[in-house]
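In what follows, a single structure is set out as structure tokens and then discussed.
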Amino acid sequence: MEVTAWLKASASAPGKIILTGEHFVVYGEPALVVALDRKVTVKASGRSDLSIRVASDLGLSGIFEGTSFTAGEGGADCERFLEPVRIAAEATLVKTGSRSGLNIEVQSELPLGAGLGSSSATSVATVAAVAKLLDARLDQSDIAELALAAERFVHVNPSGVDPAVSTYGGLILYKQGQGIKRLQLAARLPLVIGNTGLTRSTGRLVSLVRERRDRWPNVVDPLIKLAGILTTNATAALETGNLKEFGELMDVDQGLLVAIGVSNEALDRLIYAARRVNALGAKLTGAGGGGCMIALCTEGTQPSIAEAIRGAGGEPITAATSEAGVQAWLEN
Ligand code: MEV
């Protein structure tokens, strides 16, 4: 397929919150995850050469030509941030049997390395924007699969949960190898997100869990199984709108995440601050080791819980859940 010279295409993909099951999902257990109304938007256009130029509104840019990289803004260090975008774009060119140079611009409303799915949303939006530019029809499972190729660069052995929710949007139950089950919320989910401000690497945390499991398989394996049972119960609580039960299970899930070693003092401070002012439940979200936590609130208590998170040194983030998944369009 060829790119028409004047054409520009864009796509947006949402960030996510993992409600229960992060880390355990890597070992085949289900995770409950919901899309956010904060997103990443990617703009793609063709080039007269075969290189791929990637620029991000974080002040990073560079050009990939074959195996070489020339840094623009942000210095040589920016390559590892931009490389997953190149991988997602190239995977889409290969899948669609196309040869073209590309300009890719990334704009993000999500904090980086905070557990809200910014890297997956970027990959998903890149695949969808490039496919739109090429007028190639990819279905949602193709988009999630191609974005997963880029996730594999970010960390070894990703479960695929992040690209799945960024692609499909809404509330989903995800299990590796079985794909997604779409769920309906029986009640509004009043959440406050708290950012510790500590960025961390998902890959490192996934490896830390694997090392602990390798040292203590007969201790960690039962925790993994328990987490699966917990997510099944949490799903039933959400589907019947029982937020009190759901909150209690969030607290239990946090206990399991502490046990596998992915919480830390900064997260625990925000979690206890939220619980102290009567959050129904509070836990870390995403890979842990920093990044974000979430607190489930009763109607009207969001402001006081946000204040408690701020008082404990975190940045409260207000974001609603969203039904929208990836969307692509041609620019005029
Ligand atoms: C990261 O958002 C979720 C993890 O479970 C890793 C993965 O599933 O790939 C920590």
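Labels used: A, B, ... for chains in the order of the structure tokens, numbers from 1 for residues in each chain, and numbers from 1 for ligands as shown.
Every residue having at least one atom no farther than 7 Å from ligand 1 is included below, with only C-alpha atoms and all ligand atoms taken into account: A:Ile18, A:Glu22, A:His23, A:Phe24, A:Val25, A:Val26, A:Gly115, A:Gly117, A:Asn157, A:Pro158, A:Ser159, A:Gly160, A:Val161, A:Asp162, A:Thr202, A:Val206, A:Gly286, A:Ala287.
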Export of the given selection (N, CA, C and O atoms) as a PDB file, in the first residue's frame:
ATOM      1  N   ILE A  18      -6.086  -0.207  36.093  1.00  0.00           N
ATOM      2  CA  ILE A  18      -6.327  -1.609  36.448  1.00  0.00           C
ATOM      3  C   ILE A  18      -7.017  -1.597  37.814  1.00  0.00           C
ATOM      4  O   ILE A  18      -6.501  -1.046  38.786  1.00  0.00           O
ATOM      5  N   GLU A  22      -3.525  -6.658  38.465  1.00  0.00           N
ATOM      6  CA  GLU A  22      -2.220  -6.379  37.849  1.00  0.00           C
ATOM      7  C   GLU A  22      -1.178  -7.351  38.389  1.00  0.00           C
ATOM      8  O   GLU A  22      -1.305  -7.853  39.511  1.00  0.00           O
ATOM      9  N   HIS A  23      -0.167  -7.598  37.619  1.00  0.00           N
ATOM     10  CA  HIS A  23       0.913  -8.573  37.881  1.00  0.00           C
ATOM     11  C   HIS A  23       0.409 -10.017  37.813  1.00  0.00           C
ATOM     12  O   HIS A  23       0.994 -10.826  37.102  1.00  0.00           O
ATOM     13  N   PHE A  24      -0.699 -10.316  38.528  1.00  0.00           N
ATOM     14  CA  PHE A  24      -1.184 -11.698  38.524  1.00  0.00           C
ATOM     15  C   PHE A  24      -1.652 -12.079  37.113  1.00  0.00           C
ATOM     16  O   PHE A  24      -1.617 -13.244  36.730  1.00  0.00           O
ATOM     17  N   VAL A  25      -2.046 -11.077  36.317  1.00  0.00           N
ATOM     18  CA  VAL A  25      -2.510 -11.290  34.951  1.00  0.00           C
ATOM     19  C   VAL A  25      -1.378 -11.844  34.066  1.00  0.00           C
ATOM     20  O   VAL A  25      -1.625 -12.569  33.100  1.00  0.00           O
ATOM     21  N   VAL A  26      -0.135 -11.514  34.422  1.00  0.00           N
ATOM     22  CA  VAL A  26       1.032 -12.020  33.665  1.00  0.00           C
ATOM     23  C   VAL A  26       1.116 -13.553  33.797  1.00  0.00           C
ATOM     24  O   VAL A  26       1.660 -14.236  32.942  1.00  0.00           O
ATOM     25  N   GLY A 115       1.661   4.301  35.508  1.00  0.00           N
ATOM     26  CA  GLY A 115       0.709   3.188  35.661  1.00  0.00           C
ATOM     27  C   GLY A 115      -0.632   3.438  35.008  1.00  0.00           C
ATOM     28  O   GLY A 115      -1.565   2.642  35.177  1.00  0.00           O
ATOM     29  N   GLY A 117      -1.100   3.730  31.713  1.00  0.00           N
ATOM     30  CA  GLY A 117      -1.151   3.151  30.361  1.00  0.00           C
ATOM     31  C   GLY A 117      -0.718   4.076  29.245  1.00  0.00           C
ATOM     32  O   GLY A 117      -1.143   3.887  28.099  1.00  0.00           O
ATOM     33  N   ASN A 157       7.689 -10.052  28.383  1.00  0.00           N
ATOM     34  CA  ASN A 157       6.537 -10.835  28.819  1.00  0.00           C
ATOM     35  C   ASN A 157       5.324 -10.008  29.286  1.00  0.00           C
ATOM     36  O   ASN A 157       4.742 -10.305  30.331  1.00  0.00           O
ATOM     37  N   PRO A 158       4.909  -8.986  28.544  1.00  0.00           N
ATOM     38  CA  PRO A 158       3.704  -8.262  28.959  1.00  0.00           C
ATOM     39  C   PRO A 158       2.476  -9.156  28.768  1.00  0.00           C
ATOM     40  O   PRO A 158       2.468 -10.021  27.887  1.00  0.00           O
ATOM     41  N   SER A 159       1.455  -8.935  29.586  1.00  0.00           N
ATOM     42  CA  SER A 159       0.264  -9.796  29.485  1.00  0.00           C
ATOM     43  C   SER A 159      -0.621  -9.415  28.307  1.00  0.00           C
ATOM     44  O   SER A 159      -1.433 -10.215  27.866  1.00  0.00           O
ATOM     45  N   GLY A 160      -0.507  -8.154  27.842  1.00  0.00           N
ATOM     46  CA  GLY A 160      -1.390  -7.677  26.778  1.00  0.00           C
ATOM     47  C   GLY A 160      -2.604  -6.931  27.312  1.00  0.00           C
ATOM     48  O   GLY A 160      -3.425  -6.427  26.540  1.00  0.00           O
ATOM     49  N   VAL A 161      -2.731  -6.821  28.650  1.00  0.00           N
ATOM     50  CA  VAL A 161      -3.927  -6.152  29.205  1.00  0.00           C
ATOM     51  C   VAL A 161      -3.973  -4.670  28.826  1.00  0.00           C
ATOM     52  O   VAL A 161      -5.043  -4.137  28.509  1.00  0.00           O
ATOM     53  N   ASP A 162      -2.819  -3.998  28.826  1.00  0.00           N
ATOM     54  CA  ASP A 162      -2.815  -2.550  28.569  1.00  0.00           C
ATOM     55  C   ASP A 162      -3.231  -2.224  27.129  1.00  0.00           C
ATOM     56  O   ASP A 162      -4.143  -1.406  26.917  1.00  0.00           O
ATOM     57  N   THR A 202       7.927  -0.584  34.362  1.00  0.00           N
ATOM     58  CA  THR A 202       7.051  -1.756  34.487  1.00  0.00           C
ATOM     59  C   THR A 202       7.868  -3.035  34.358  1.00  0.00           C
ATOM     60  O   THR A 202       7.688  -3.984  35.120  1.00  0.00           O
ATOM     61  N   VAL A 206       7.915  -6.214  36.900  1.00  0.00           N
ATOM     62  CA  VAL A 206       7.470  -7.547  36.465  1.00  0.00           C
ATOM     63  C   VAL A 206       8.604  -8.556  36.734  1.00  0.00           C
ATOM     64  O   VAL A 206       8.362  -9.663  37.214  1.00  0.00           O
ATOM     65  N   GLY A 286      -1.651  -0.541  38.292  1.00  0.00           N
ATOM     66  CA  GLY A 286      -0.559  -0.674  37.316  1.00  0.00           C
ATOM     67  C   GLY A 286       0.573  -1.480  37.929  1.00  0.00           C
ATOM     68  O   GLY A 286       0.343  -2.371  38.740  1.00  0.00           O
ATOM     69  N   ALA A 287       1.800  -1.126  37.554  1.00  0.00           N
ATOM     70  CA  ALA A 287       2.934  -1.962  37.971  1.00  0.00           C
ATOM     71  C   ALA A 287       3.369  -1.730  39.415  1.00  0.00           C
ATOM     72  O   ALA A 287       4.031  -2.577  40.008  1.00  0.00           O
TER      73      ALA A 287
END
Please list as JSON, numbers by chain every residue within 10 Å of stretch 222-236 of chain A, counting only C-alpha atoms and excluding residues in the same chain fewer than 6 positions away. {"A": [19, 20, 21, 22, 23, 24, 25, 26, 27, 28, 29, 30, 31, 32, 172, 173, 175, 183, 185, 213, 242, 243, 245, 246, 247, 248, 249, 250, 252, 253, 256, 257, 259, 260]}
Considering only C-alpha atoms, return as a PyMOL selection string whatever protein or nucleic-acid residues lie within 9 Å of A:Lys132, sequence-local ones (same chain, fewer than 6 positions apart) excluded. chain A and resi 8-11+44+138+328-330
Go ahead and save the picked residues with N, CA, C and O atoms, as an mmCIF file, in the first residue's frame.
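See result-v5.cif below for the written result:
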data_model
loop_
_atom_site.group_PDB
_atom_site.id
_atom_site.type_symbol
_atom_site.label_atom_id
_atom_site.label_comp_id
_atom_site.auth_asym_id
_atom_site.auth_seq_id
_atom_site.Cartn_x
_atom_site.Cartn_y
_atom_site.Cartn_z
ATOM 1 N N LYS A 8 -3.040 13.125 5.811
ATOM 2 C CA LYS A 8 -2.654 13.055 7.232
ATOM 3 C C LYS A 8 -3.746 12.290 7.957
ATOM 4 O O LYS A 8 -4.937 12.554 7.716
ATOM 5 N N ALA A 9 -3.363 11.376 8.830
ATOM 6 C CA ALA A 9 -4.376 10.643 9.610
ATOM 7 C C ALA A 9 -4.039 10.761 11.087
ATOM 8 O O ALA A 9 -2.865 10.899 11.455
ATOM 9 N N SER A 10 -5.073 10.721 11.926
ATOM 10 C CA SER A 10 -4.868 10.777 13.374
ATOM 11 C C SER A 10 -5.629 9.648 14.043
ATOM 12 O O SER A 10 -6.605 9.129 13.492
ATOM 13 N N ALA A 11 -5.185 9.311 15.240
ATOM 14 C CA ALA A 11 -5.934 8.343 16.053
ATOM 15 C C ALA A 11 -5.719 8.694 17.517
ATOM 16 O O ALA A 11 -4.671 9.226 17.890
ATOM 17 N N ALA A 44 -0.205 10.953 11.902
ATOM 18 C CA ALA A 44 0.757 10.301 10.995
ATOM 19 C C ALA A 44 0.641 10.877 9.596
ATOM 20 O O ALA A 44 -0.466 11.159 9.128
ATOM 21 N N LEU A 138 -7.851 -2.680 9.652
ATOM 22 C CA LEU A 138 -7.412 -3.607 10.697
ATOM 23 C C LEU A 138 -8.546 -3.719 11.697
ATOM 24 O O LEU A 138 -9.164 -2.701 12.039
ATOM 25 N N ALA A 328 -9.930 6.464 14.918
ATOM 26 C CA ALA A 328 -9.008 6.996 13.906
ATOM 27 C C ALA A 328 -9.799 7.806 12.880
ATOM 28 O O ALA A 328 -10.955 7.507 12.610
ATOM 29 N N TRP A 329 -9.161 8.846 12.329
ATOM 30 C CA TRP A 329 -9.823 9.685 11.343
ATOM 31 C C TRP A 329 -8.797 10.318 10.411
ATOM 32 O O TRP A 329 -7.614 10.399 10.741
ATOM 33 N N LEU A 330 -9.272 10.759 9.251
ATOM 34 C CA LEU A 330 -8.388 11.480 8.314
ATOM 35 C C LEU A 330 -8.457 12.957 8.637
ATOM 36 O O LEU A 330 -9.529 13.472 8.960
#
Just the residues within 7 Å of A:Thr41, please, counting only C-alpha atoms, with nothing from its chain fewer than 3 positions along; format it as a PDB file with N, CA and C atoms, in the first residue's frame.
ATOM      1  N   SER A  10      -5.073  10.721  11.926  1.00  0.00           N
ATOM      2  CA  SER A  10      -4.868  10.777  13.374  1.00  0.00           C
ATOM      3  C   SER A  10      -5.629   9.648  14.043  1.00  0.00           C
ATOM      4  N   ALA A  11      -5.185   9.311  15.240  1.00  0.00           N
ATOM      5  CA  ALA A  11      -5.934   8.343  16.053  1.00  0.00           C
ATOM      6  C   ALA A  11      -5.719   8.694  17.517  1.00  0.00           C
ATOM      7  N   SER A  12      -6.735   8.397  18.335  1.00  0.00           N
ATOM      8  CA  SER A  12      -6.562   8.575  19.779  1.00  0.00           C
ATOM      9  C   SER A  12      -6.882   7.256  20.470  1.00  0.00           C
ATOM     10  N   ALA A  13      -6.218   7.033  21.597  1.00  0.00           N
ATOM     11  CA  ALA A  13      -6.462   5.812  22.385  1.00  0.00           C
ATOM     12  C   ALA A  13      -6.397   6.189  23.863  1.00  0.00           C
ATOM     13  N   VAL A 106       3.228  12.659  18.556  1.00  0.00           N
ATOM     14  CA  VAL A 106       2.498  12.107  19.702  1.00  0.00           C
ATOM     15  C   VAL A 106       2.143  13.237  20.673  1.00  0.00           C
ATOM     16  N   GLN A 107       0.870  13.268  21.068  1.00  0.00           N
ATOM     17  CA  GLN A 107       0.422  14.237  22.089  1.00  0.00           C
ATOM     18  C   GLN A 107      -0.252  13.458  23.198  1.00  0.00           C
ATOM     19  N   SER A 108       0.179  13.650  24.438  1.00  0.00           N
ATOM     20  CA  SER A 108      -0.365  12.808  25.509  1.00  0.00           C
ATOM     21  C   SER A 108      -1.000  13.623  26.633  1.00  0.00           C
ATOM     22  N   ALA A 125      -2.553   3.979  19.468  1.00  0.00           N
ATOM     23  CA  ALA A 125      -2.913   5.125  18.609  1.00  0.00           C
ATOM     24  C   ALA A 125      -1.987   5.186  17.394  1.00  0.00           C
TER      25      ALA A 125
END
Excluding A:Ser68 and residues on its chain fewer than 3 positions from it, collect all residues at most 12 Å away from it, counting only C-alpha atoms, and give them as number ranges by chain. A: 51-53, 62-65, 71, 76, 79, 83
Could you dump the residues just selected with C-alpha atoms as an mmCIF file, in the first residue's frame?
data_model
loop_
_atom_site.group_PDB
_atom_site.id
_atom_site.type_symbol
_atom_site.label_atom_id
_atom_site.label_comp_id
_atom_site.auth_asym_id
_atom_site.auth_seq_id
_atom_site.Cartn_x
_atom_site.Cartn_y
_atom_site.Cartn_z
ATOM 1 C CA SER A 51 12.803 6.973 7.452
ATOM 2 C CA ILE A 52 10.468 7.301 10.427
ATOM 3 C CA ARG A 53 10.522 10.589 12.322
ATOM 4 C CA GLY A 62 14.403 11.756 16.478
ATOM 5 C CA ILE A 63 14.710 10.014 13.133
ATOM 6 C CA PHE A 64 15.024 6.253 12.616
ATOM 7 C CA GLU A 65 16.689 5.279 9.306
ATOM 8 C CA ALA A 71 18.343 12.348 18.054
ATOM 9 C CA ALA A 76 20.374 10.553 22.742
ATOM 10 C CA GLU A 79 15.683 6.901 21.739
ATOM 11 C CA GLU A 83 11.616 3.326 19.877
#
Considering only C-alpha atoms, return as a compact mmCIF listing (two decimals) with N, CA and C atoms, in the first residue's frame whatever protein or nucleic-acid residues lie within 7 Å of A:Ser120, sequence-local ones (same chain, fewer than 4 positions apart) excluded.
# COMPACT_ATOMS: atom_id res chain seq x y z
N VAL A 124 -1.05 1.89 20.62
CA VAL A 124 -2.35 1.60 19.99
C VAL A 124 -2.72 2.74 19.02
N ALA A 147 0.13 -3.52 18.68
CA ALA A 147 0.61 -2.65 19.76
C ALA A 147 1.39 -3.47 20.80
N GLU A 151 4.91 -3.11 23.10
CA GLU A 151 4.95 -3.34 24.56
C GLU A 151 6.07 -4.31 24.93
N ASP A 162 -2.82 -4.00 28.83
CA ASP A 162 -2.82 -2.55 28.57
C ASP A 162 -3.23 -2.22 27.13
N PRO A 163 -2.59 -2.85 26.09
CA PRO A 163 -3.07 -2.56 24.73
C PRO A 163 -4.53 -2.98 24.51
N SER A 166 -6.80 -0.20 25.94
CA SER A 166 -6.64 1.02 25.12
C SER A 166 -7.34 0.87 23.77
Do a neighbour search on A:Arg137 at 12 Å with only C-alpha atoms, toss out local chain neighbours closer than 2 positions, and write the hits as an mmCIF file with N, CA, C and O atoms, in the first residue's frame.
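Output below, filename out-v4.cif:
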data_model
loop_
_atom_site.group_PDB
_atom_site.id
_atom_site.type_symbol
_atom_site.label_atom_id
_atom_site.label_comp_id
_atom_site.auth_asym_id
_atom_site.auth_seq_id
_atom_site.Cartn_x
_atom_site.Cartn_y
_atom_site.Cartn_z
ATOM 1 N N MET A 1 0.833 -1.204 0.000
ATOM 2 C CA MET A 1 0.000 0.000 0.000
ATOM 3 C C MET A 1 0.869 1.255 0.000
ATOM 4 O O MET A 1 1.944 1.251 0.588
ATOM 5 N N THR A 92 2.980 -2.112 11.716
ATOM 6 C CA THR A 92 1.774 -1.843 10.920
ATOM 7 C C THR A 92 2.110 -1.833 9.428
ATOM 8 O O THR A 92 1.343 -2.349 8.604
ATOM 9 N N LYS A 95 2.552 -5.520 8.478
ATOM 10 C CA LYS A 95 1.250 -6.219 8.465
ATOM 11 C C LYS A 95 0.438 -5.882 7.209
ATOM 12 O O LYS A 95 -0.274 -6.723 6.665
ATOM 13 N N THR A 96 0.557 -4.608 6.776
ATOM 14 C CA THR A 96 -0.266 -4.179 5.638
ATOM 15 C C THR A 96 0.505 -4.285 4.314
ATOM 16 O O THR A 96 0.026 -3.815 3.279
ATOM 17 N N VAL A 127 -0.519 2.573 15.821
ATOM 18 C CA VAL A 127 -0.966 1.535 14.872
ATOM 19 C C VAL A 127 -2.215 2.021 14.125
ATOM 20 O O VAL A 127 -2.292 1.936 12.887
ATOM 21 N N ALA A 128 -3.177 2.556 14.859
ATOM 22 C CA ALA A 128 -4.450 2.951 14.235
ATOM 23 C C ALA A 128 -4.258 4.130 13.281
ATOM 24 O O ALA A 128 -4.868 4.170 12.202
ATOM 25 N N ALA A 129 -3.385 5.091 13.649
ATOM 26 C CA ALA A 129 -3.170 6.259 12.778
ATOM 27 C C ALA A 129 -2.467 5.837 11.490
ATOM 28 O O ALA A 129 -2.841 6.262 10.389
ATOM 29 N N VAL A 130 -1.448 4.962 11.618
ATOM 30 C CA VAL A 130 -0.716 4.522 10.417
ATOM 31 C C VAL A 130 -1.637 3.680 9.528
ATOM 32 O O VAL A 130 -1.655 3.836 8.303
ATOM 33 N N ALA A 131 -2.445 2.808 10.134
ATOM 34 C CA ALA A 131 -3.376 1.986 9.335
ATOM 35 C C ALA A 131 -4.366 2.882 8.585
ATOM 36 O O ALA A 131 -4.677 2.658 7.413
ATOM 37 N N LYS A 132 -4.836 3.923 9.270
ATOM 38 C CA LYS A 132 -5.794 4.850 8.623
ATOM 39 C C LYS A 132 -5.117 5.562 7.449
ATOM 40 O O LYS A 132 -5.702 5.719 6.379
ATOM 41 N N LEU A 133 -3.867 5.989 7.668
ATOM 42 C CA LEU A 133 -3.110 6.676 6.617
ATOM 43 C C LEU A 133 -2.967 5.787 5.376
ATOM 44 O O LEU A 133 -3.026 6.252 4.238
ATOM 45 N N LEU A 134 -2.794 4.486 5.630
ATOM 46 C CA LEU A 134 -2.595 3.535 4.525
ATOM 47 C C LEU A 134 -3.920 3.025 3.964
ATOM 48 O O LEU A 134 -3.941 2.188 3.069
ATOM 49 N N ASP A 135 -5.032 3.495 4.556
ATOM 50 C CA ASP A 135 -6.364 3.025 4.177
ATOM 51 C C ASP A 135 -6.466 1.497 4.330
ATOM 52 O O ASP A 135 -7.099 0.816 3.525
ATOM 53 N N ASP A 139 -8.847 -4.948 12.173
ATOM 54 C CA ASP A 139 -9.875 -4.993 13.222
ATOM 55 C C ASP A 139 -9.210 -4.759 14.583
ATOM 56 O O ASP A 139 -7.981 -4.653 14.690
ATOM 57 N N GLN A 140 -10.063 -4.657 15.622
ATOM 58 C CA GLN A 140 -9.527 -4.269 16.931
ATOM 59 C C GLN A 140 -8.500 -5.275 17.454
ATOM 60 O O GLN A 140 -7.508 -4.888 18.065
ATOM 61 N N SER A 141 -8.738 -6.571 17.165
ATOM 62 C CA SER A 141 -7.768 -7.550 17.689
ATOM 63 C C SER A 141 -6.417 -7.399 16.976
ATOM 64 O O SER A 141 -5.364 -7.590 17.592
ATOM 65 N N ASP A 142 -6.417 -7.021 15.676
ATOM 66 C CA ASP A 142 -5.144 -6.764 14.976
ATOM 67 C C ASP A 142 -4.418 -5.583 15.626
ATOM 68 O O ASP A 142 -3.201 -5.608 15.815
ATOM 69 N N ILE A 143 -5.182 -4.523 15.926
ATOM 70 C CA ILE A 143 -4.562 -3.311 16.509
ATOM 71 C C ILE A 143 -3.916 -3.651 17.854
ATOM 72 O O ILE A 143 -2.751 -3.313 18.111
ATOM 73 N N ALA A 328 -9.930 6.464 14.918
ATOM 74 C CA ALA A 328 -9.008 6.996 13.906
ATOM 75 C C ALA A 328 -9.799 7.806 12.880
ATOM 76 O O ALA A 328 -10.955 7.507 12.610
#
Using backbone DSSP assignments, extract all strand (DSSP E or B) residues from stretch 187-251 of chain A; output them as an MDAnalysis selection string. chainID A and resid 191:195
Looking only at helix (DSSP H, G or I) from DSSP on the backbone, list the matching residues of stretch 10-179 of chain A as a PyMOL selection string. chain A and resi 24-27+76-95+118-133+140-154+161-168
Keeping only C-alpha atoms, take the residues you just selected and write them out as a compact mmCIF listing (two decimals), in the first residue's frame.
# COMPACT_ATOMS: atom_id res chain seq x y z
CA PHE A 24 -1.18 -11.70 38.52
CA VAL A 25 -2.51 -11.29 34.95
CA VAL A 26 1.03 -12.02 33.66
CA TYR A 27 0.59 -15.55 35.15
CA ALA A 76 20.37 10.55 22.74
CA ASP A 77 18.46 9.30 25.79
CA CYS A 78 15.16 9.93 24.01
CA GLU A 79 15.68 6.90 21.74
CA ARG A 80 14.29 4.43 24.28
CA PHE A 81 11.09 6.54 24.64
CA LEU A 82 10.61 6.87 20.87
CA GLU A 83 11.62 3.33 19.88
CA PRO A 84 8.26 1.69 20.83
CA VAL A 85 6.50 4.19 18.51
CA ARG A 86 8.80 3.18 15.65
CA ILE A 87 8.18 -0.52 16.42
CA ALA A 88 4.38 -0.01 16.38
CA ALA A 89 4.56 1.99 13.12
CA GLU A 90 6.86 -0.53 11.42
CA ALA A 91 4.77 -3.51 12.59
CA THR A 92 1.77 -1.84 10.92
CA LEU A 93 3.70 -1.26 7.67
CA VAL A 94 4.76 -4.93 7.63
CA LYS A 95 1.25 -6.22 8.47
CA SER A 118 0.55 5.99 28.47
CA SER A 119 2.95 3.69 26.58
CA SER A 120 0.21 1.29 25.45
CA ALA A 121 -2.14 4.12 24.47
CA THR A 122 0.72 5.58 22.39
CA SER A 123 1.35 2.26 20.63
CA VAL A 124 -2.35 1.60 19.99
CA ALA A 125 -2.91 5.13 18.61
CA THR A 126 0.23 4.81 16.44
CA VAL A 127 -0.97 1.54 14.87
CA ALA A 128 -4.45 2.95 14.24
CA ALA A 129 -3.17 6.26 12.78
CA VAL A 130 -0.72 4.52 10.42
CA ALA A 131 -3.38 1.99 9.33
CA LYS A 132 -5.79 4.85 8.62
CA LEU A 133 -3.11 6.68 6.62
CA GLN A 140 -9.53 -4.27 16.93
CA SER A 141 -7.77 -7.55 17.69
CA ASP A 142 -5.14 -6.76 14.98
CA ILE A 143 -4.56 -3.31 16.51
CA ALA A 144 -4.13 -4.72 20.04
CA GLU A 145 -1.81 -7.45 18.73
CA LEU A 146 0.43 -5.02 16.78
CA ALA A 147 0.61 -2.65 19.76
CA LEU A 148 1.68 -5.59 21.92
CA ALA A 149 4.80 -5.93 19.72
CA ALA A 150 5.84 -2.46 20.93
CA GLU A 151 4.95 -3.34 24.56
CA ARG A 152 7.37 -6.27 24.31
CA PHE A 153 10.14 -3.71 23.74
CA VAL A 154 9.07 -1.80 26.87
CA VAL A 161 -3.93 -6.15 29.20
CA ASP A 162 -2.82 -2.55 28.57
CA PRO A 163 -3.07 -2.56 24.73
CA ALA A 164 -6.38 -4.48 25.02
CA VAL A 165 -8.13 -1.85 27.15
CA SER A 166 -6.64 1.02 25.12
CA THR A 167 -8.05 -0.60 21.99
CA TYR A 168 -11.51 -1.68 23.18
Between A:Arg200, A:Gln176, A:Lys244, A:Val258, which has the minimum distance to A:Val220 (counting only C-alpha atoms)? A:Val258
From atom CA of A:Ser56 to atom CA of A:Val42 the spacing works out at 9.1 Å
